[in-house]
$ cat target21.txt   # compact mmCIF, C-alpha atoms
# COMPACT_ATOMS: atom_id res chain seq x y z
CA MET A 210 0.00 0.00 0.00
CA GLY A 211 1.29 3.45 -0.92
CA GLU A 212 1.70 6.31 1.54
CA MET A 213 -1.57 8.10 2.20
CA LYS A 214 -2.49 11.12 4.25
CA LYS A 215 -4.01 9.69 7.40
CA ALA A 216 -5.66 10.61 10.62
CA GLY A 217 -3.90 9.57 13.79
CA GLY A 218 -1.20 11.00 15.95
CA SER A 219 -3.17 14.08 16.96
CA GLN A 220 -2.86 15.01 20.64
CA LEU A 221 -5.90 17.29 20.57
CA ASN A 222 -8.38 16.22 23.24
CA ARG A 223 -11.84 16.19 21.69
CA ARG A 224 -13.53 17.70 24.74
CA ASP A 225 -10.96 20.48 24.93
CA ALA A 226 -11.81 21.18 21.29
CA VAL A 227 -15.55 21.28 22.00
CA ARG A 228 -15.06 23.43 25.11
CA GLU A 229 -12.90 25.87 23.17
CA ILE A 230 -15.51 26.24 20.44
CA ILE A 231 -18.74 26.42 22.46
CA SER A 232 -17.70 28.27 25.62
CA GLY A 233 -18.92 31.85 25.75
CA GLN A 234 -21.54 31.18 23.04
CA PRO A 235 -24.78 30.87 25.02
CA GLU A 236 -27.00 31.82 22.08
CA LEU A 237 -25.60 29.16 19.76
CA ALA A 238 -27.99 26.33 18.80
CA ILE A 239 -26.07 23.05 18.76
CA VAL A 240 -26.98 19.82 16.97
CA THR A 241 -24.87 16.76 17.77
CA GLY A 242 -24.25 13.67 15.67
CA LEU A 243 -24.70 10.29 17.34
CA GLY A 244 -22.03 8.70 19.49
CA SER A 245 -19.06 10.50 20.95
CA PRO A 246 -19.99 14.05 19.82
CA THR A 247 -23.27 13.71 21.75
CA TRP A 248 -21.34 12.57 24.88
CA ASP A 249 -18.76 15.33 24.38
CA VAL A 250 -21.27 18.16 24.23
CA ALA A 251 -23.27 16.72 27.14
CA ALA A 252 -20.04 16.47 29.16
CA ILE A 253 -19.03 20.07 28.50
CA ASP A 254 -22.43 21.74 28.89
CA ASP A 255 -25.87 20.09 28.79
CA ARG A 256 -27.53 23.33 27.71
CA ASP A 257 -31.14 23.83 26.65
CA ARG A 258 -30.02 24.87 23.17
CA ASN A 259 -28.55 21.42 22.46
CA PHE A 260 -30.36 18.90 20.28
CA TYR A 261 -28.77 15.48 20.56
CA LEU A 262 -28.99 12.67 18.04
CA TRP A 263 -28.72 9.11 19.35
CA GLY A 264 -29.41 7.62 15.93
CA ALA A 265 -30.35 8.83 12.43
CA MET A 266 -26.73 8.37 11.41
CA GLY A 267 -25.77 10.70 8.58
CA GLY A 268 -28.50 13.20 9.39
CA ALA A 269 -26.79 15.73 11.67
CA VAL A 270 -25.73 18.22 9.00
CA SER A 271 -29.11 18.00 7.23
CA LEU A 272 -30.91 18.59 10.52
CA GLY A 273 -28.72 21.60 11.17
CA LEU A 274 -29.38 22.91 7.67
CA GLY A 275 -33.14 22.70 8.14
CA LEU A 276 -32.88 24.56 11.44
CA ALA A 277 -30.59 27.21 9.95
CA LEU A 278 -32.97 27.82 7.04
CA ALA A 279 -35.99 28.02 9.33
CA ARG A 280 -34.34 30.40 11.80
CA LYS A 281 -32.03 32.78 10.02
CA ASP A 282 -31.73 34.86 13.19
CA LEU A 283 -30.11 31.93 15.00
CA ASP A 284 -26.52 30.72 14.71
CA VAL A 285 -26.43 26.94 14.34
CA LEU A 286 -23.44 24.67 14.99
CA VAL A 287 -23.46 20.99 14.05
CA ILE A 288 -20.93 18.94 16.01
CA THR A 289 -20.41 15.48 14.62
CA GLY A 290 -17.83 12.75 14.14
CA ASP A 291 -16.00 11.33 11.16
CA GLY A 292 -18.15 8.21 10.87
CA GLU A 293 -21.41 10.15 10.98
CA MET A 294 -20.07 12.70 8.50
CA LEU A 295 -18.93 9.98 6.12
CA MET A 296 -22.43 8.51 6.09
CA GLY A 297 -23.96 11.91 5.35
CA MET A 298 -21.32 13.16 2.94
CA GLY A 299 -23.90 14.15 0.34
CA SER A 300 -25.34 16.63 2.80
CA LEU A 301 -22.15 18.70 2.47
CA ALA A 302 -22.96 19.21 -1.22
CA THR A 303 -26.52 20.19 -0.30
CA VAL A 304 -25.33 22.62 2.38
CA ALA A 305 -22.88 24.21 -0.07
CA VAL A 306 -25.70 24.86 -2.58
CA LYS A 307 -27.79 26.66 0.05
CA ALA A 308 -24.74 28.25 1.73
CA PRO A 309 -26.62 29.48 4.81
CA GLN A 310 -24.59 32.16 6.55
CA ASN A 311 -25.79 31.06 9.99
CA LEU A 312 -24.51 27.48 9.85
CA ALA A 313 -21.16 26.05 10.97
CA ILE A 314 -20.04 22.44 11.18
CA LEU A 315 -17.42 20.98 13.52
CA VAL A 316 -16.21 17.49 12.64
CA LEU A 317 -14.36 15.72 15.44
CA ASP A 318 -12.24 13.24 13.52
CA ASN A 319 -10.49 10.51 15.49
CA GLY A 320 -10.34 8.16 12.52
CA LEU A 321 -12.31 5.56 14.44
CA TYR A 322 -15.79 4.21 14.90
CA GLY A 323 -15.76 4.67 18.67
CA GLU A 324 -19.15 3.18 19.50
CA THR A 325 -18.62 -0.09 17.71
CA GLY A 326 -15.21 -1.09 18.99
CA MET A 327 -12.73 1.48 17.68
CA GLN A 328 -12.47 0.18 14.12
CA GLN A 329 -10.63 2.45 11.69
CA SER A 330 -12.76 4.77 9.59
CA HIS A 331 -11.99 5.97 6.08
CA THR A 332 -10.37 9.12 7.45
CA ALA A 333 -7.67 6.92 8.99
CA ARG A 334 -7.09 5.44 5.56
CA GLY A 335 -6.82 8.46 3.31
CA CYS A 336 -10.12 10.36 3.23
CA ASP A 337 -9.72 14.03 4.15
CA LEU A 338 -13.05 15.56 5.19
CA ALA A 339 -11.85 19.18 4.94
CA GLU A 340 -10.92 18.49 1.32
CA VAL A 341 -14.27 16.76 0.76
CA ALA A 342 -16.05 19.84 2.10
CA ARG A 343 -13.98 22.12 -0.10
CA GLY A 344 -14.69 19.92 -3.09
CA CYS A 345 -18.40 20.21 -2.33
CA GLY A 346 -18.11 23.98 -2.45
CA ILE A 347 -17.60 24.89 1.20
CA ALA A 348 -14.70 27.29 0.71
CA ASP A 349 -14.46 28.22 4.40
CA SER A 350 -13.20 24.81 5.39
CA TRP A 351 -10.27 24.49 7.79
CA GLN A 352 -8.33 21.65 9.34
CA VAL A 353 -6.70 21.77 12.75
CA SER A 354 -4.91 19.22 14.92
CA THR A 355 -3.73 21.28 17.92
CA ILE A 356 -5.51 23.49 20.41
CA GLU A 357 -3.44 26.47 19.24
CA GLU A 358 -4.55 25.98 15.64
CA LEU A 359 -8.12 25.65 16.82
CA GLN A 360 -7.89 28.85 18.88
CA ALA A 361 -6.49 30.66 15.86
CA VAL A 362 -9.50 29.80 13.70
CA ARG A 363 -12.17 29.94 16.43
CA GLU A 364 -13.46 33.41 15.61
CA ARG A 365 -13.82 32.59 11.94
CA VAL A 366 -15.92 29.54 12.84
CA HIS A 367 -18.32 31.84 14.69
CA THR A 368 -18.37 34.64 12.11
CA ARG A 369 -21.21 34.74 9.62
CA GLY A 370 -20.33 35.00 5.95
CA SER A 371 -21.06 31.64 4.46
CA VAL A 372 -21.32 28.11 5.76
CA ARG A 373 -18.13 27.14 7.63
CA LEU A 374 -16.59 23.74 8.38
CA LEU A 375 -13.89 23.04 10.93
CA HIS A 376 -12.28 19.65 10.61
CA ALA A 377 -10.53 18.85 13.90
CA ARG A 378 -8.19 15.90 13.93
CA VAL A 379 -8.49 14.69 17.52
CA ALA A 380 -6.77 12.12 19.73
CA THR A 381 -8.16 8.61 19.95
CA ASP A 382 -8.80 8.60 23.71
CA ASP A 383 -11.90 6.70 24.76
CA LEU A 384 -13.45 9.13 27.24
CA GLU A 385 -16.16 8.69 29.85
CA ARG A 386 -19.63 8.47 28.32
CA VAL A 387 -21.72 11.35 29.58
CA MET A 388 -25.21 10.63 28.36
CA PRO A 389 -27.85 13.31 27.94
CA THR A 390 -31.55 12.52 27.62
CA ARG A 391 -32.51 9.80 25.16
CA ASP A 392 -36.03 11.13 24.97
CA ALA A 393 -36.03 13.12 21.74
CA VAL A 394 -39.50 14.54 22.39
CA ALA A 395 -38.38 15.98 25.72
CA ASN A 396 -35.21 17.24 24.06
CA LYS A 397 -37.25 18.80 21.24
CA LEU A 398 -39.58 20.61 23.62
CA ARG A 399 -36.71 21.90 25.73
CA PHE A 400 -34.79 23.01 22.66
CA ARG A 401 -37.75 24.73 20.99
CA ALA A 402 -38.66 26.56 24.17
CA ALA A 403 -35.05 27.73 24.50
CA ILE A 404 -34.88 29.09 20.96
CA ASP A 405 -38.45 30.36 21.18
CA SER A 406 -40.06 28.27 18.46
CA SER A 407 -42.35 26.55 20.92
CA GLN A 408 -45.22 28.24 19.19
CA GLU A 409 -45.42 27.90 15.47
CA ARG A 410 -45.34 31.24 13.73
CA GLN A 411 -48.82 32.67 13.99
CA ARG A 412 -50.97 32.12 10.96
CA GLU A 413 -54.43 33.43 10.40
CA ASP A 414 -56.01 30.18 9.33
CA ILE A 415 -55.07 28.04 12.34
CA MET B 171 -43.55 21.53 -19.49
CA ALA B 172 -47.21 22.49 -19.56
CA GLU B 173 -48.60 22.60 -16.09
CA SER B 174 -51.78 20.65 -15.61
CA SER B 175 -54.45 22.10 -13.37
CA TRP B 176 -54.02 19.57 -10.55
CA GLN B 177 -50.36 20.47 -10.19
CA ALA B 178 -51.23 24.15 -9.94
CA ALA B 179 -53.89 23.30 -7.36
CA VAL B 180 -51.37 21.31 -5.28
CA PHE B 181 -48.97 24.24 -5.29
CA ASP B 182 -51.75 26.63 -4.21
CA THR B 183 -52.57 24.23 -1.40
CA ILE B 184 -49.05 24.01 -0.05
CA LYS B 185 -48.84 27.81 -0.10
CA SER B 186 -52.14 28.25 1.75
CA SER B 187 -51.13 25.52 4.23
CA GLY B 188 -48.10 27.47 5.34
CA ILE B 189 -45.35 25.36 3.77
CA GLU B 190 -42.18 27.44 3.56
CA LEU B 191 -39.57 24.84 2.63
CA VAL B 192 -39.70 22.30 -0.19
CA ALA B 193 -36.96 19.67 -0.42
CA TYR B 194 -36.59 17.32 -3.33
CA VAL B 195 -34.50 15.03 -5.45
CA PRO B 196 -35.24 16.03 -9.07
CA ASP B 197 -38.13 14.03 -10.50
CA ALA B 198 -40.22 14.31 -13.66
CA GLY B 199 -43.53 13.77 -11.88
CA HIS B 200 -42.78 16.53 -9.38
CA SER B 201 -41.28 18.92 -11.93
CA ALA B 202 -44.09 21.49 -11.89
CA LEU B 203 -44.10 21.63 -8.07
CA ILE B 204 -40.32 21.90 -8.01
CA GLU B 205 -40.26 24.69 -10.60
CA ASN B 206 -42.98 26.61 -8.79
CA SER B 207 -41.09 26.24 -5.50
CA ILE B 208 -37.87 27.55 -7.04
CA ARG B 209 -39.71 30.52 -8.54
CA ASP B 210 -41.50 31.39 -5.30
CA LEU B 211 -39.29 33.70 -3.27
CA ASP B 212 -41.10 32.85 -0.04
CA ILE B 213 -40.23 29.16 -0.31
CA GLU B 214 -36.82 27.71 0.51
CA ASP B 215 -36.16 25.16 -2.20
CA VAL B 216 -33.55 22.56 -1.24
CA VAL B 217 -32.18 20.13 -3.79
CA LEU B 218 -30.92 16.96 -2.09
CA THR B 219 -28.37 14.34 -3.10
CA SER B 220 -30.44 11.64 -1.41
CA GLU B 221 -33.97 11.60 -0.04
CA GLU B 222 -32.86 10.70 3.49
CA GLU B 223 -31.26 14.13 3.81
CA GLY B 224 -34.72 15.59 3.39
CA VAL B 225 -36.11 13.62 6.33
CA ALA B 226 -33.54 15.14 8.69
CA LEU B 227 -33.86 18.54 7.01
CA CYS B 228 -37.62 18.66 7.63
CA SER B 229 -37.11 17.68 11.29
CA GLY B 230 -34.58 20.49 11.65
CA ALA B 231 -36.92 22.98 10.01
CA TRP B 232 -39.62 22.03 12.51
CA LEU B 233 -37.24 22.55 15.44
CA GLY B 234 -37.12 26.09 14.08
CA GLY B 235 -40.93 26.28 13.70
CA MET B 236 -41.08 26.04 9.90
CA ARG B 237 -43.45 23.80 7.94
CA SER B 238 -41.88 21.83 5.13
CA LEU B 239 -42.62 19.32 2.41
CA LEU B 240 -40.44 16.52 1.02
CA LEU B 241 -40.87 15.32 -2.57
CA MET B 242 -39.55 12.02 -3.83
CA GLN B 243 -40.06 9.15 -6.22
CA SER B 244 -41.04 5.74 -4.83
CA SER B 245 -37.43 4.56 -5.17
CA GLY B 246 -36.45 7.31 -2.72
CA VAL B 247 -38.55 5.82 0.08
CA GLY B 248 -36.06 2.97 0.33
CA ASN B 249 -33.23 5.45 0.79
CA CYS B 250 -34.91 6.92 3.87
CA VAL B 251 -35.74 3.95 6.06
CA ASN B 252 -33.36 4.42 8.98
CA MET B 253 -33.71 8.22 8.85
CA PHE B 254 -37.46 7.82 9.39
CA SER B 255 -36.56 6.98 13.00
CA LEU B 256 -35.79 10.67 13.56
CA PRO B 257 -39.31 12.09 13.07
CA ARG B 258 -40.69 9.09 14.91
CA MET B 259 -38.42 9.54 17.93
CA ALA B 260 -38.72 13.34 18.08
CA ARG B 261 -42.35 13.38 16.94
CA THR B 262 -41.58 16.03 14.37
CA PRO B 263 -44.27 16.30 11.68
CA LEU B 264 -43.30 15.06 8.22
CA VAL B 265 -45.19 15.26 4.94
CA ILE B 266 -43.84 13.48 1.89
CA ILE B 267 -45.38 13.36 -1.59
CA VAL B 268 -44.28 10.30 -3.51
CA THR B 269 -44.61 9.86 -7.27
CA MET B 270 -45.11 6.15 -7.86
CA ARG B 271 -43.06 4.13 -10.30
CA GLY B 272 -43.06 0.45 -11.00
CA GLU B 273 -46.80 -0.05 -10.59
CA TYR B 274 -48.56 0.72 -13.90
CA ALA B 275 -47.33 0.50 -17.49
CA GLU B 276 -43.76 0.59 -16.19
CA PHE B 277 -41.07 0.42 -18.84
CA ASN B 278 -38.10 0.01 -16.49
CA PRO B 279 -38.10 -3.25 -14.49
CA TRP B 280 -35.61 -1.79 -12.00
CA GLN B 281 -38.37 0.47 -10.68
CA VAL B 282 -40.57 -2.49 -9.76
CA PRO B 283 -38.90 -3.86 -6.59
CA MET B 284 -39.06 -0.60 -4.64
CA GLY B 285 -42.31 0.54 -6.24
CA SER B 286 -43.97 -2.68 -5.07
CA ALA B 287 -42.64 -2.24 -1.55
CA THR B 288 -43.21 1.50 -1.14
CA GLU B 289 -46.59 1.54 0.59
CA GLN B 290 -45.80 -1.35 2.94
CA THR B 291 -42.43 0.18 3.79
CA LEU B 292 -44.08 3.46 4.74
CA ARG B 293 -46.66 1.70 6.89
CA LEU B 294 -43.94 -0.31 8.64
CA CYS B 295 -42.21 2.99 9.35
CA ASP B 296 -45.34 4.33 11.06
CA PHE B 297 -46.62 6.61 8.29
CA GLN B 298 -50.22 7.44 7.59
CA VAL B 299 -50.53 6.71 3.87
CA TYR B 300 -52.93 8.40 1.45
CA ARG B 301 -53.17 7.34 -2.18
CA VAL B 302 -54.25 9.64 -4.99
CA GLU B 303 -55.69 7.97 -8.08
CA ARG B 304 -57.55 10.89 -9.66
CA PRO B 305 -56.19 14.38 -10.43
CA GLU B 306 -59.12 16.19 -8.84
CA GLU B 307 -58.29 14.54 -5.47
CA ALA B 308 -54.66 15.60 -5.39
CA ALA B 309 -54.83 19.06 -3.82
CA GLU B 310 -57.44 18.07 -1.24
CA THR B 311 -55.41 15.01 -0.23
CA VAL B 312 -52.20 17.03 0.13
CA GLN B 313 -54.06 19.52 2.29
CA ALA B 314 -55.39 16.71 4.48
CA ALA B 315 -51.88 15.28 4.82
CA ILE B 316 -50.44 18.62 5.92
CA GLU B 317 -53.27 19.17 8.41
CA MET B 318 -52.83 15.71 9.87
CA ALA B 319 -49.04 15.84 10.09
CA TYR B 320 -48.89 19.28 11.70
CA GLY B 321 -52.04 18.85 13.75
CA SER B 322 -50.99 15.52 15.23
CA ASP B 323 -47.17 15.48 15.01
CA LEU B 324 -47.22 12.51 12.65
CA ALA B 325 -45.55 11.37 9.44
CA VAL B 326 -47.93 11.33 6.48
CA ALA B 327 -47.20 10.17 2.93
CA VAL B 328 -49.25 11.01 -0.17
CA LEU B 329 -48.70 8.53 -2.98
CA LEU B 330 -49.47 9.81 -6.48
CA SER B 331 -50.35 6.79 -8.59
CA GLN B 332 -48.42 6.08 -11.75
CA LYS B 333 -51.66 5.64 -13.64
CA MET B 334 -52.59 9.21 -12.84
CA LEU B 335 -49.14 10.58 -13.60
CA GLY B 336 -49.08 8.91 -17.01
CA ARG B 337 -46.58 6.90 -18.98
CA LYS B 338 -43.02 8.12 -19.05
CA LYS B 339 -41.92 9.08 -22.56
CA TRP B 340 -38.67 7.27 -23.21
CA VAL B 341 -38.05 8.26 -26.82
CA LYS B 342 -37.14 11.89 -27.31

$ encode --input "target21.txt" --output "structure tokens"
Amino acid sequence: MGEMKKAGGSQLNRRDAVREIISGQPELAIVTGLGSPTWDVAAIDDRDRNFYLWGAMGGAVSLGLGLALARKDLDVLVITGDGEMLMGMGSLATVAVKAPQNLAILVLDNGLYGETGMQQSHTARGCDLAEVARGCGIADSWQVSTIEELQAVRERVHTRGSVRLLHARVATDDLERVMPTRDAVANKLRFRAAIDSSQERQREDI
Amino acid sequence: MAESSWQAAVFDTIKSSGIELVAYVPDAGHSALIENSIRDLDIEDVVLTSEEEGVALCSGAWLGGMRSLLLMQSSGVGNCVNMFSLPRMARTPLVIIVTMRGEYAEFNPWQVPMGSATEQTLRLCDFQVYRVERPEEAAETVQAAIEMAYGSDLAVAVLLSQKMLGRKKWVK
């Protein structure tokens, strides 16, 4: 096998990365992809403006896009992992076509399927998700593998302009599972109340 | 493409029902609805690479309080199966309009396996399923589907029969 660009070797702790990105952003609406990103965000801050996926693999970016299009006043951040992103890769092309200025995506890439026994993912074997995003048309797509690099790009991740994607190569540590609610209805109601969509926009005929 | 009156009536219905986002994978049977949605500046039109994206997209739109509609061909239903767990778990309303293939005067045998399984698949995935066989029923049925989905937080599918849609013209 020839030499390929691979994940692995990063010392960036995934929860440090999440903390660095979401701290001081109380208004941000966060959607998490299933598995470790859900545990990471719950571990850092189980806030009312979090919507956690425990399934629907491949759907996190699409869910975030729908929310961003429905609520242009709200800044939306999707936090997902490499396996979930690989399954929903087409959604990056869809997001690029719509290019919502209030949507950002953070991919925590450890090159592993953590929930199923730490098997290597495609990103450990040559696939570069920042390049995939760029190829889909997401020009504001950055890759980091240290906390300093992440801090350097942090403001750009939070700055509206077009859709942004931060591809963070993270360490492979298997961290404590901090589980938020599994009840998606309860999560939905809490989330919608927090972002004030608990009432559908008033219409005259209902 | 000349727009038949039932297609115009369906578009009027989705407008009066408060739909503000229309997601689709390009499809001949839905072309008038898609073109109208693109032209309408008050509707977000979202072209998808795969139908399952639309399932998650519509759930996300509802988290933000927006009503949406997902258009697909019967083959697309098979692409969505696991993603249908999202509206079911979160009880987010979902309305899909499905143009049927593989059920009447079908030229392409590859459309038959999924076309034959579409309705049962949707029922297994907890959808309410309405079938439309006659053009004059289309708009009323779509309206009923939207009312039911958004009134009861359910997933509702409207199947447009291939007999009503007409034979696909293969020779150009």

$ atom_distance --input "target21.txt" --atom1 "atom CA of Gln310 of chain A" --atom2 "atom CA of Ser232 of chain A"
20.6 Å

$ atom_distance --input "target21.txt" --atom1 "atom CA of Ile266 of chain B" --atom2 "atom CA of Asn206 of chain B"
16.9 Å

$ interface_residues --input "target21.txt" --of "chain B" --to "chain A" --cutoff "8 Å" --atoms "all atoms listed in the file" --output "list in words"
Gly188, Glu214, Val216, Val217, Leu218, Thr219, Ser220, Glu222, Glu223, Gly224, Ala226, Leu227, Cys228, Ser229, Gly230, Ala231, Trp232, Leu233, Gly234, Gly235, Met236, Asn252, Met253, Phe254, Ser255, Leu256, Met259, Ala260 and Arg261 of chain B

$ closest_residue --input "target21.txt" --among "A:Met388, A:Ala361, A:Ile253, A:Leu243" --to "Arg224 of chain A" --atoms "all atoms listed in the file"
A:Ile253

$ residues_around --input "target21.txt" --residues "Asp323 of chain B" --least-positions-apart "2" --cutoff "6 Å" --atoms "all atoms listed in the file" --output "CSV table (one decimal) with C-alpha atoms, in the coordinates of the input"
chain,number,residue,atom,x,y,z
B,261,ARG,CA,-42.4,13.4,16.9
B,262,THR,CA,-41.6,16.0,14.4
B,263,PRO,CA,-44.3,16.3,11.7
B,319,ALA,CA,-49.0,15.8,10.1
B,320,TYR,CA,-48.9,19.3,11.7
